[in-house]
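So this block is run.cif, mmCIF, C-alpha atoms:
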data_input
#
loop_
_atom_site.group_PDB
_atom_site.id
_atom_site.type_symbol
_atom_site.label_atom_id
_atom_site.label_comp_id
_atom_site.auth_asym_id
_atom_site.auth_seq_id
_atom_site.Cartn_x
_atom_site.Cartn_y
_atom_site.Cartn_z
ATOM 1 C CA MET L 621 -16.824 142.486 337.167
ATOM 2 C CA ARG L 622 -13.803 142.111 334.883
ATOM 3 C CA GLU L 623 -12.769 145.706 335.617
ATOM 4 C CA ARG L 624 -13.088 145.184 339.383
ATOM 5 C CA LEU L 625 -11.037 141.980 339.262
ATOM 6 C CA THR L 626 -8.379 143.742 337.185
ATOM 7 C CA GLN L 627 -8.116 146.489 339.805
ATOM 8 C CA TYR L 628 -7.942 143.927 342.614
ATOM 9 C CA ALA L 629 -5.152 142.101 340.788
ATOM 10 C CA LYS L 630 -3.220 145.363 340.417
ATOM 11 C CA LEU L 631 -3.814 146.103 344.094
ATOM 12 C CA ALA L 632 -2.282 142.725 344.958
ATOM 13 C CA ARG L 633 0.617 143.374 342.492
ATOM 14 C CA MET L 634 -0.176 140.209 340.576
ATOM 15 C CA ASP L 635 1.029 142.020 337.481
ATOM 16 C CA ARG L 636 4.470 142.523 339.097
ATOM 17 C CA PRO L 637 5.879 139.119 340.077
ATOM 18 C CA VAL L 638 9.389 140.200 341.162
ATOM 19 C CA GLY L 639 8.288 140.817 344.747
ATOM 20 C CA ALA L 640 6.716 137.354 344.941
ATOM 21 C CA LEU L 641 9.858 135.757 343.523
ATOM 22 C CA LEU L 642 11.996 137.491 346.149
ATOM 23 C CA LEU L 643 9.843 135.726 348.723
ATOM 24 C CA LEU L 644 9.690 132.463 346.788
ATOM 25 C CA TRP L 645 13.440 131.821 346.413
ATOM 26 C CA PRO L 646 14.246 131.784 350.162
ATOM 27 C CA THR L 647 11.205 129.560 350.706
ATOM 28 C CA TRP L 648 12.525 127.116 348.124
ATOM 29 C CA TRP L 649 16.034 127.327 349.645
ATOM 30 C CA ALA L 650 14.469 126.230 352.935
ATOM 31 C CA LEU L 651 12.396 123.412 351.438
ATOM 32 C CA TRP L 652 15.373 121.877 349.628
ATOM 33 C CA LEU L 653 17.716 122.296 352.609
ATOM 34 C CA ALA L 654 15.169 120.853 355.038
ATOM 35 C CA ALA L 655 14.532 117.839 352.789
ATOM 36 C CA GLN L 656 18.214 117.548 351.801
ATOM 37 C CA ASP L 657 16.901 116.912 348.285
ATOM 38 C CA PHE L 658 13.726 117.506 346.250
ATOM 39 C CA PRO L 659 10.964 118.212 348.812
ATOM 40 C CA PRO L 660 7.621 116.349 348.793
ATOM 41 C CA LEU L 661 5.597 117.591 345.824
ATOM 42 C CA GLY L 662 2.516 118.396 347.893
ATOM 43 C CA THR L 663 4.516 120.518 350.325
ATOM 44 C CA LEU L 664 6.231 122.302 347.443
ATOM 45 C CA VAL L 665 2.884 123.178 345.844
ATOM 46 C CA ILE L 666 1.390 124.370 349.151
ATOM 47 C CA PHE L 667 4.298 126.682 349.921
ATOM 48 C CA THR L 668 4.574 127.993 346.376
ATOM 49 C CA LEU L 669 0.905 128.954 346.261
ATOM 50 C CA GLY L 670 1.112 130.239 349.828
ATOM 51 C CA VAL L 671 3.980 132.547 348.925
ATOM 52 C CA TRP L 672 1.989 134.159 346.121
ATOM 53 C CA LEU L 673 -1.100 134.570 348.299
ATOM 54 C CA MET L 674 0.769 136.030 351.287
ATOM 55 C CA ARG L 675 2.829 138.389 349.151
ATOM 56 C CA SER L 676 -0.373 139.605 347.518
ATOM 57 C CA ALA L 677 -2.032 140.009 350.916
ATOM 58 C CA GLY L 678 1.007 141.935 352.132
ATOM 59 C CA CYS L 679 0.789 144.313 349.170
ATOM 60 C CA VAL L 680 -2.894 144.960 349.830
ATOM 61 C CA ILE L 681 -2.444 145.738 353.536
ATOM 62 C CA ASN L 682 0.618 147.841 352.692
ATOM 63 C CA ASP L 683 -1.393 149.994 350.294
ATOM 64 C CA PHE L 684 -4.204 150.218 352.838
ATOM 65 C CA ALA L 685 -1.760 151.489 355.463
ATOM 66 C CA ASP L 686 -0.236 153.958 352.971
ATOM 67 C CA ARG L 687 -3.490 155.088 351.344
ATOM 68 C CA ASP L 688 -2.934 158.682 352.536
ATOM 69 C CA LEU L 689 0.785 158.660 351.708
ATOM 70 C CA ASP L 690 0.881 157.012 348.272
ATOM 71 C CA PRO L 691 -0.976 159.798 346.386
ATOM 72 C CA HIS L 692 1.944 162.124 347.215
ATOM 73 C CA VAL L 693 4.703 159.748 346.035
ATOM 74 C CA GLN L 694 5.634 159.773 342.350
ATOM 75 C CA ARG L 695 6.026 155.989 342.008
ATOM 76 C CA THR L 696 2.854 155.006 343.878
ATOM 77 C CA ARG L 697 0.272 157.667 343.037
ATOM 78 C CA GLU L 698 -1.335 155.503 340.316
ATOM 79 C CA ARG L 699 -1.892 152.472 342.541
ATOM 80 C CA PRO L 700 -5.574 151.463 342.796
ATOM 81 C CA LEU L 701 -6.114 152.682 346.356
ATOM 82 C CA ALA L 702 -4.094 155.862 345.894
ATOM 83 C CA SER L 703 -5.939 156.765 342.690
ATOM 84 C CA GLY L 704 -9.367 155.918 344.087
ATOM 85 C CA ALA L 705 -9.978 153.013 341.689
ATOM 86 C CA VAL L 706 -10.445 150.722 344.719
ATOM 87 C CA THR L 707 -12.054 151.746 348.018
ATOM 88 C CA PRO L 708 -10.524 150.974 351.435
ATOM 89 C CA ARG L 709 -13.458 148.651 352.184
ATOM 90 C CA GLU L 710 -12.810 146.697 348.981
ATOM 91 C CA ALA L 711 -9.113 146.472 349.865
ATOM 92 C CA ILE L 712 -9.926 144.973 353.263
ATOM 93 C CA GLY L 713 -12.188 142.448 351.559
ATOM 94 C CA VAL L 714 -9.444 141.424 349.145
ATOM 95 C CA PHE L 715 -6.944 141.161 352.006
ATOM 96 C CA VAL L 716 -9.211 138.944 354.110
ATOM 97 C CA THR L 717 -9.926 136.705 351.101
ATOM 98 C CA LEU L 718 -6.210 136.214 350.410
ATOM 99 C CA ILE L 719 -5.418 135.517 354.075
ATOM 100 C CA VAL L 720 -8.219 132.956 354.343
ATOM 101 C CA LEU L 721 -7.025 131.175 351.180
ATOM 102 C CA ALA L 722 -3.444 131.121 352.475
ATOM 103 C CA PHE L 723 -4.532 129.762 355.844
ATOM 104 C CA GLY L 724 -6.570 127.090 354.069
ATOM 105 C CA LEU L 725 -3.350 125.910 352.428
ATOM 106 C CA VAL L 726 -1.515 125.846 355.778
ATOM 107 C CA LEU L 727 -4.244 123.613 357.193
ATOM 108 C CA LEU L 728 -3.047 120.948 354.744
ATOM 109 C CA THR L 729 0.319 120.717 356.551
ATOM 110 C CA ASN L 730 0.783 119.893 360.254
ATOM 111 C CA LYS L 731 0.144 121.365 363.697
ATOM 112 C CA LEU L 732 3.586 122.935 364.141
ATOM 113 C CA THR L 733 3.452 124.665 360.756
ATOM 114 C CA ILE L 734 -0.049 125.941 361.489
ATOM 115 C CA GLU L 735 1.096 127.385 364.822
ATOM 116 C CA LEU L 736 4.056 129.104 363.172
ATOM 117 C CA SER L 737 1.783 130.536 360.465
ATOM 118 C CA VAL L 738 -0.022 132.634 363.091
ATOM 119 C CA ILE L 739 3.245 134.456 363.823
ATOM 120 C CA GLY L 740 3.841 134.854 360.090
ATOM 121 C CA ALA L 741 0.413 136.417 359.612
ATOM 122 C CA PHE L 742 1.058 138.850 362.464
ATOM 123 C CA LEU L 743 4.383 139.917 360.926
ATOM 124 C CA ALA L 744 2.785 140.413 357.502
ATOM 125 C CA ILE L 745 -0.100 142.488 358.873
ATOM 126 C CA THR L 746 2.028 144.739 361.088
ATOM 127 C CA TYR L 747 4.945 145.338 358.695
ATOM 128 C CA PRO L 748 3.324 148.179 356.673
ATOM 129 C CA PHE L 749 2.996 150.303 359.813
ATOM 130 C CA MET L 750 6.656 150.027 360.822
ATOM 131 C CA LYS L 751 7.804 152.932 358.619
ATOM 132 C CA ARG L 752 5.880 155.253 360.905
ATOM 133 C CA TYR L 753 7.735 154.224 364.059
ATOM 134 C CA THR L 754 11.196 152.956 363.098
ATOM 135 C CA TYR L 755 13.923 153.528 360.550
ATOM 136 C CA LEU L 756 14.294 149.741 360.226
ATOM 137 C CA PRO L 757 11.129 148.583 358.431
ATOM 138 C CA GLN L 758 13.364 146.757 355.927
ATOM 139 C CA VAL L 759 14.690 144.556 358.734
ATOM 140 C CA TYR L 760 11.141 143.850 359.881
ATOM 141 C CA LEU L 761 10.246 142.978 356.302
ATOM 142 C CA GLY L 762 13.085 140.446 356.351
ATOM 143 C CA CYS L 763 11.500 138.779 359.367
ATOM 144 C CA ALA L 764 8.061 138.784 357.705
ATOM 145 C CA PHE L 765 9.357 137.516 354.357
ATOM 146 C CA GLY L 766 11.667 135.030 356.052
ATOM 147 C CA TRP L 767 9.075 133.444 358.303
ATOM 148 C CA SER L 768 8.322 130.968 355.533
ATOM 149 C CA ILE L 769 11.740 129.459 356.331
ATOM 150 C CA PRO L 770 10.937 128.007 359.793
ATOM 151 C CA MET L 771 7.514 127.062 358.454
ATOM 152 C CA ALA L 772 9.164 125.123 355.626
ATOM 153 C CA PHE L 773 11.463 123.291 358.027
ATOM 154 C CA ALA L 774 8.481 122.503 360.267
ATOM 155 C CA ALA L 775 6.467 121.193 357.319
ATOM 156 C CA ILE L 776 9.290 118.863 356.258
ATOM 157 C CA SER L 777 9.947 117.718 359.828
ATOM 158 C CA GLY L 778 6.310 116.914 360.453
ATOM 159 C CA ASP L 779 5.158 117.138 364.070
ATOM 160 C CA ASP L 780 8.357 115.519 365.296
ATOM 161 C CA TRP L 781 9.890 118.167 367.575
ATOM 162 C CA THR L 782 13.087 116.129 367.873
ATOM 163 C CA VAL L 783 13.652 116.259 364.119
ATOM 164 C CA PHE L 784 12.705 119.946 363.975
ATOM 165 C CA ALA L 785 15.062 120.809 366.853
ATOM 166 C CA LYS L 786 17.984 119.228 365.008
ATOM 167 C CA THR L 787 17.353 121.522 362.033
ATOM 168 C CA LEU L 788 17.218 124.724 364.106
ATOM 169 C CA PRO L 789 20.896 125.725 363.613
ATOM 170 C CA LEU L 790 20.532 125.555 359.812
ATOM 171 C CA CYS L 791 17.027 127.031 359.906
ATOM 172 C CA GLY L 792 18.133 129.909 362.125
ATOM 173 C CA LEU L 793 21.189 130.639 359.991
ATOM 174 C CA LEU L 794 19.128 130.687 356.804
ATOM 175 C CA PHE L 795 16.520 132.912 358.447
ATOM 176 C CA LEU L 796 19.195 135.386 359.549
ATOM 177 C CA ALA L 797 20.736 135.362 356.072
ATOM 178 C CA ASN L 798 17.355 136.138 354.543
ATOM 179 C CA VAL L 799 16.803 139.061 356.926
ATOM 180 C CA ILE L 800 20.093 140.504 355.642
ATOM 181 C CA PHE L 801 19.131 139.749 352.027
ATOM 182 C CA SER L 802 15.750 141.443 352.439
ATOM 183 C CA THR L 803 17.379 144.463 354.051
ATOM 184 C CA ILE L 804 19.696 144.747 351.046
ATOM 185 C CA TYR L 805 17.053 144.695 348.333
ATOM 186 C CA ASP L 806 14.411 146.645 350.210
ATOM 187 C CA THR L 807 16.932 149.386 351.045
ATOM 188 C CA GLU L 808 17.674 149.619 347.326
ATOM 189 C CA TYR L 809 13.917 149.838 346.765
ATOM 190 C CA ALA L 810 13.597 152.540 349.434
ATOM 191 C CA MET L 811 16.370 154.560 347.789
ATOM 192 C CA VAL L 812 14.002 155.085 344.856
ATOM 193 C CA ASP L 813 11.500 156.880 347.116
ATOM 194 C CA ARG L 814 13.926 158.428 349.586
ATOM 195 C CA ASP L 815 13.205 162.075 348.699
ATOM 196 C CA ASP L 816 9.446 161.529 348.783
ATOM 197 C CA ASP L 817 9.647 159.613 352.083
ATOM 198 C CA ILE L 818 11.661 162.401 353.722
ATOM 199 C CA ARG L 819 9.117 164.957 352.546
ATOM 200 C CA MET L 820 6.182 162.885 353.853
ATOM 201 C CA GLY L 821 7.841 161.923 357.142
ATOM 202 C CA ALA L 822 8.126 158.187 356.439
ATOM 203 C CA LYS L 823 11.138 156.240 357.706
ATOM 204 C CA SER L 824 13.441 153.677 356.045
ATOM 205 C CA THR L 825 16.966 152.283 356.157
ATOM 206 C CA ALA L 826 17.702 154.331 353.020
ATOM 207 C CA ILE L 827 17.092 157.482 355.072
ATOM 208 C CA LEU L 828 18.903 156.085 358.112
ATOM 209 C CA PHE L 829 22.027 155.144 356.131
ATOM 210 C CA GLY L 830 22.146 158.499 354.344
ATOM 211 C CA ASP L 831 25.341 159.115 352.337
ATOM 212 C CA ALA L 832 26.788 155.845 353.685
ATOM 213 C CA ASP L 833 24.029 153.816 351.993
ATOM 214 C CA LEU L 834 26.173 152.114 349.334
ATOM 215 C CA ALA L 835 28.943 151.315 351.798
ATOM 216 C CA ILE L 836 26.533 149.809 354.331
ATOM 217 C CA ILE L 837 24.720 147.852 351.622
ATOM 218 C CA GLY L 838 28.139 146.549 350.526
ATOM 219 C CA VAL L 839 28.885 145.356 354.058
ATOM 220 C CA LEU L 840 25.489 143.658 354.191
ATOM 221 C CA MET L 841 26.176 141.968 350.853
ATOM 222 C CA ILE L 842 29.476 140.566 352.137
ATOM 223 C CA THR L 843 27.820 139.436 355.373
ATOM 224 C CA PHE L 844 25.028 137.734 353.441
ATOM 225 C CA ALA L 845 27.521 135.913 351.191
ATOM 226 C CA LEU L 846 29.471 134.700 354.246
ATOM 227 C CA ALA L 847 26.254 133.527 355.923
ATOM 228 C CA MET L 848 25.304 131.571 352.808
ATOM 229 C CA LEU L 849 28.746 129.969 352.795
ATOM 230 C CA LEU L 850 28.081 128.815 356.366
ATOM 231 C CA VAL L 851 24.782 127.389 355.097
ATOM 232 C CA ALA L 852 26.861 125.185 352.796
ATOM 233 C CA GLN L 853 28.583 123.641 355.802
ATOM 234 C CA ARG L 854 25.370 123.030 357.719
ATOM 235 C CA GLY L 855 23.482 121.830 354.659
ATOM 236 C CA HIS L 856 26.271 119.567 353.314
ATOM 237 C CA LEU L 857 26.352 121.351 349.962
ATOM 238 C CA HIS L 858 28.986 120.908 347.250
ATOM 239 C CA TRP L 859 30.661 122.768 344.377
ATOM 240 C CA PRO L 860 27.536 123.746 342.376
ATOM 241 C CA TYR L 861 26.340 125.704 345.366
ATOM 242 C CA PHE L 862 29.649 127.521 345.759
ATOM 243 C CA ALA L 863 29.413 128.444 342.097
ATOM 244 C CA GLY L 864 25.977 129.882 342.849
ATOM 245 C CA VAL L 865 27.355 131.942 345.728
ATOM 246 C CA GLY L 866 30.089 133.233 343.404
ATOM 247 C CA MET L 867 27.504 134.269 340.813
ATOM 248 C CA ALA L 868 25.440 135.969 343.517
ATOM 249 C CA ALA L 869 28.530 137.929 344.601
ATOM 250 C CA ALA L 870 29.105 139.022 340.995
ATOM 251 C CA LEU L 871 25.491 140.211 340.758
ATOM 252 C CA PHE L 872 25.949 142.195 343.963
ATOM 253 C CA GLY L 873 29.031 143.822 342.442
ATOM 254 C CA TRP L 874 26.994 144.798 339.381
ATOM 255 C CA GLN L 875 24.295 146.316 341.615
ATOM 256 C CA GLN L 876 26.865 148.446 343.410
ATOM 257 C CA TRP L 877 28.232 149.666 340.092
ATOM 258 C CA ILE L 878 24.925 150.756 338.582
ATOM 259 C CA MET L 879 23.828 152.455 341.828
ATOM 260 C CA ARG L 880 26.992 154.525 342.152
ATOM 261 C CA ALA L 881 25.163 157.738 341.146
ATOM 262 C CA ARG L 882 22.058 156.806 343.196
ATOM 263 C CA GLU L 883 19.698 157.452 340.304
ATOM 264 C CA ARG L 884 16.112 156.274 340.834
ATOM 265 C CA GLU L 885 16.011 153.992 337.787
ATOM 266 C CA ALA L 886 19.362 152.423 338.668
ATOM 267 C CA CYS L 887 18.341 151.736 342.258
ATOM 268 C CA PHE L 888 15.109 150.125 341.055
ATOM 269 C CA ALA L 889 17.059 148.008 338.540
ATOM 270 C CA ALA L 890 19.380 146.881 341.342
ATOM 271 C CA PHE L 891 16.370 145.922 343.451
ATOM 272 C CA ARG L 892 14.914 143.826 340.626
ATOM 273 C CA ASN L 893 18.291 142.186 340.007
ATOM 274 C CA ASN L 894 18.069 140.443 343.378
ATOM 275 C CA ASN L 895 15.579 138.066 341.788
ATOM 276 C CA TRP L 896 18.566 136.575 339.936
ATOM 277 C CA VAL L 897 20.563 136.396 343.178
ATOM 278 C CA GLY L 898 17.844 134.256 344.725
ATOM 279 C CA LEU L 899 17.553 132.132 341.599
ATOM 280 C CA VAL L 900 21.262 131.279 341.226
ATOM 281 C CA LEU L 901 21.483 130.309 344.901
ATOM 282 C CA TRP L 902 18.455 128.033 344.549
ATOM 283 C CA ILE L 903 19.888 126.422 341.420
ATOM 284 C CA GLY L 904 23.153 125.874 343.308
ATOM 285 C CA ILE L 905 21.284 124.106 346.118
ATOM 286 C CA VAL L 906 19.266 121.945 343.714
ATOM 287 C CA LEU L 907 22.316 120.885 341.681
ATOM 288 C CA SER L 908 24.371 120.246 344.800
ATOM 289 C CA TYR L 909 21.881 117.685 346.065
ATOM 290 C CA ALA L 910 21.163 116.281 342.606
ATOM 291 C CA LEU L 911 24.843 115.630 341.846
ATOM 292 C CA LYS L 912 25.999 114.437 345.251
#

Will you turn the file into structure tokens for me?
Amino acid sequence: MRERLTQYAKLARMDRPVGALLLLWPTWWALWLAAQDFPPLGTLVIFTLGVWLMRSAGCVINDFADRDLDPHVQRTRERPLASGAVTPREAIGVFVTLIVLAFGLVLLTNKLTIELSVIGAFLAITYPFMKRYTYLPQVYLGCAFGWSIPMAFAAISGDDWTVFAKTLPLCGLLFLANVIFSTIYDTEYAMVDRDDDIRMGAKSTAILFGDADLAIIGVLMITFALAMLLVAQRGHLHWPYFAGVGMAAALFGWQQWIMRAREREACFAAFRNNNWVGLVLWIGIVLSYALK
């Protein structure tokens, strides 16, 4: 039993928290911005646990979708499904369990949040199949990862549509910014596997951008920083937040520098570095409201 649970945990990437953190930071941005201060503790706990469960569920369904592809990719061939340590039937069981637990948490919120969670579940389930049909799965991932943002605003607003409607400009701006952010870091991630993906016929923005990848990522980084500056206006944020945006810009500059030769290890390090981008922006938001 211990061995099976260990394999299930690896399947859900519970031993690799960076991906969950990249989903958690935008969710916390949204909770603090929606509440204009520290969000209700119960809501914070629900969304934090929900992020970990949904990210894990997303990893499981992703590996299930790629179970015939992963054995041929250097970075993924040792994953539980690819190596045969976990069967497809077991993977489906783990996925369903995680989804049910996540939905149980959503039931503790309100009607509007529950309704929005159905869309979020659809995005999470369908994302892994996008690389077969479009060169923009990273953009779709941004929508899937970012759907926690409108859910967070809905949870803070309660079932009051009037209150929720007033937050839509800020909510929509933050959602768009996160789609750009996700496209940045997941393109860096896809650059690690670009050669393998081309050989296997998979699609990604890394393949679409080609030799212009670093330049396009740079444009996306600038656009994301500008969008987050607009968030400051809508969210009534102050100098600590602007300091956070400045630190995020410096981290982006460092990512561009280490990726200049497009080496696999450097691209993966740049991807992981985005965890710090999300963190400094969240700290900026927290301090801005705490010191106002």

Starting from the shown file, work through the PyMOL selection byres ((chain L and resi 775) around 10) and note down what comes out as a PDB file with C-alpha atoms, in the frame of the given file.
ATOM      1  CA  LEU L 651      12.396 123.412 351.438  1.00  0.00           C
ATOM      2  CA  ALA L 654      15.169 120.853 355.038  1.00  0.00           C
ATOM      3  CA  ALA L 655      14.532 117.839 352.789  1.00  0.00           C
ATOM      4  CA  PRO L 660       7.621 116.349 348.793  1.00  0.00           C
ATOM      5  CA  THR L 663       4.516 120.518 350.325  1.00  0.00           C
ATOM      6  CA  LEU L 664       6.231 122.302 347.443  1.00  0.00           C
ATOM      7  CA  PHE L 667       4.298 126.682 349.921  1.00  0.00           C
ATOM      8  CA  VAL L 726      -1.515 125.846 355.778  1.00  0.00           C
ATOM      9  CA  LEU L 728      -3.047 120.948 354.744  1.00  0.00           C
ATOM     10  CA  THR L 729       0.319 120.717 356.551  1.00  0.00           C
ATOM     11  CA  ASN L 730       0.783 119.893 360.254  1.00  0.00           C
ATOM     12  CA  LYS L 731       0.144 121.365 363.697  1.00  0.00           C
ATOM     13  CA  LEU L 732       3.586 122.935 364.141  1.00  0.00           C
ATOM     14  CA  THR L 733       3.452 124.665 360.756  1.00  0.00           C
ATOM     15  CA  ILE L 734      -0.049 125.941 361.489  1.00  0.00           C
ATOM     16  CA  ILE L 769      11.740 129.459 356.331  1.00  0.00           C
ATOM     17  CA  PRO L 770      10.937 128.007 359.793  1.00  0.00           C
ATOM     18  CA  MET L 771       7.514 127.062 358.454  1.00  0.00           C
ATOM     19  CA  ALA L 772       9.164 125.123 355.626  1.00  0.00           C
ATOM     20  CA  PHE L 773      11.463 123.291 358.027  1.00  0.00           C
ATOM     21  CA  ALA L 774       8.481 122.503 360.267  1.00  0.00           C
ATOM     22  CA  ILE L 776       9.290 118.863 356.258  1.00  0.00           C
ATOM     23  CA  SER L 777       9.947 117.718 359.828  1.00  0.00           C
ATOM     24  CA  GLY L 778       6.310 116.914 360.453  1.00  0.00           C
ATOM     25  CA  ASP L 779       5.158 117.138 364.070  1.00  0.00           C
ATOM     26  CA  ASP L 780       8.357 115.519 365.296  1.00  0.00           C
ATOM     27  CA  PHE L 784      12.705 119.946 363.975  1.00  0.00           C
TER      28      PHE L 784
END

>> What would the selection look like, as a VMD selection string, if the PyMOL selection byres ((chain L and resi 635-641) around 10) were run on the coordinates I just shared?
In response: chain L and resid 626 629 to 634 642 to 647 668 671 to 676 679 765 891 to 896 898 to 899

>> Taking 4 positions as the minimum chain separation for residues in the same chain, which residues sit within 7 Å of Ala826 (chain L) when counting only C-alpha atoms? Answer as JSON, numbers by chain.
In response: {"L": [807, 810, 811, 814, 830, 833]}

>> Evaluated on this file, the PyMOL selection byres ((chain L and resi 707) around 12) picks out some residues - which ones are they, written as a PyMOL selection string?
In response: chain L and resi 624+627-628+631+680+683-684+687+699-706+708-714

> Between L:Leu743, L:Ala835, L:Leu846, L:Ala677, which one has atoms that come closest to Thr717 (chain L), using all atoms listed in the file?
Replying inline: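 Once distances to Thr717 (chain L) are computed over all atoms listed in the file, the minimum belongs to L:Ala677.
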
Some atoms are missing, so please complete region 763-775 of chain L with N, CA and C atoms and return it as a PDB file, keeping the file's coordinate frame.
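Below is the file that was written, rebuild.pdb:
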ATOM      1  N   CYS L 763      12.097 139.752 358.447  1.00  0.00           N
ATOM      2  CA  CYS L 763      11.500 138.779 359.367  1.00  0.00           C
ATOM      3  C   CYS L 763      10.175 138.264 358.813  1.00  0.00           C
ATOM      4  N   ALA L 764       9.360 139.180 358.259  1.00  0.00           N
ATOM      5  CA  ALA L 764       8.061 138.784 357.705  1.00  0.00           C
ATOM      6  C   ALA L 764       8.229 137.884 356.487  1.00  0.00           C
ATOM      7  N   PHE L 765       9.110 138.311 355.556  1.00  0.00           N
ATOM      8  CA  PHE L 765       9.357 137.516 354.357  1.00  0.00           C
ATOM      9  C   PHE L 765      10.056 136.196 354.689  1.00  0.00           C
ATOM     10  N   GLY L 766      10.885 136.222 355.726  1.00  0.00           N
ATOM     11  CA  GLY L 766      11.667 135.030 356.052  1.00  0.00           C
ATOM     12  C   GLY L 766      10.951 134.024 356.919  1.00  0.00           C
ATOM     13  N   TRP L 767       9.751 134.380 357.404  1.00  0.00           N
ATOM     14  CA  TRP L 767       9.075 133.444 358.303  1.00  0.00           C
ATOM     15  C   TRP L 767       8.640 132.171 357.590  1.00  0.00           C
ATOM     16  N   SER L 768       8.613 132.202 356.279  1.00  0.00           N
ATOM     17  CA  SER L 768       8.322 130.968 355.533  1.00  0.00           C
ATOM     18  C   SER L 768       9.427 129.939 355.732  1.00  0.00           C
ATOM     19  N   ILE L 769      10.611 130.379 356.154  1.00  0.00           N
ATOM     20  CA  ILE L 769      11.740 129.459 356.331  1.00  0.00           C
ATOM     21  C   ILE L 769      11.509 128.496 357.496  1.00  0.00           C
ATOM     22  N   PRO L 770      11.253 128.975 358.733  1.00  0.00           N
ATOM     23  CA  PRO L 770      10.937 128.007 359.793  1.00  0.00           C
ATOM     24  C   PRO L 770       9.673 127.208 359.507  1.00  0.00           C
ATOM     25  N   MET L 771       8.713 127.813 358.808  1.00  0.00           N
ATOM     26  CA  MET L 771       7.514 127.062 358.454  1.00  0.00           C
ATOM     27  C   MET L 771       7.846 125.917 357.502  1.00  0.00           C
ATOM     28  N   ALA L 772       8.758 126.172 356.569  1.00  0.00           N
ATOM     29  CA  ALA L 772       9.164 125.123 355.626  1.00  0.00           C
ATOM     30  C   ALA L 772       9.868 123.985 356.346  1.00  0.00           C
ATOM     31  N   PHE L 773      10.769 124.331 357.260  1.00  0.00           N
ATOM     32  CA  PHE L 773      11.463 123.291 358.027  1.00  0.00           C
ATOM     33  C   PHE L 773      10.482 122.496 358.882  1.00  0.00           C
ATOM     34  N   ALA L 774       9.488 123.189 359.457  1.00  0.00           N
ATOM     35  CA  ALA L 774       8.481 122.503 360.267  1.00  0.00           C
ATOM     36  C   ALA L 774       7.629 121.571 359.415  1.00  0.00           C
ATOM     37  N   ALA L 775       7.295 122.010 358.204  1.00  0.00           N
ATOM     38  CA  ALA L 775       6.467 121.193 357.319  1.00  0.00           C
ATOM     39  C   ALA L 775       7.204 119.924 356.901  1.00  0.00           C
TER      40      ALA L 775
END
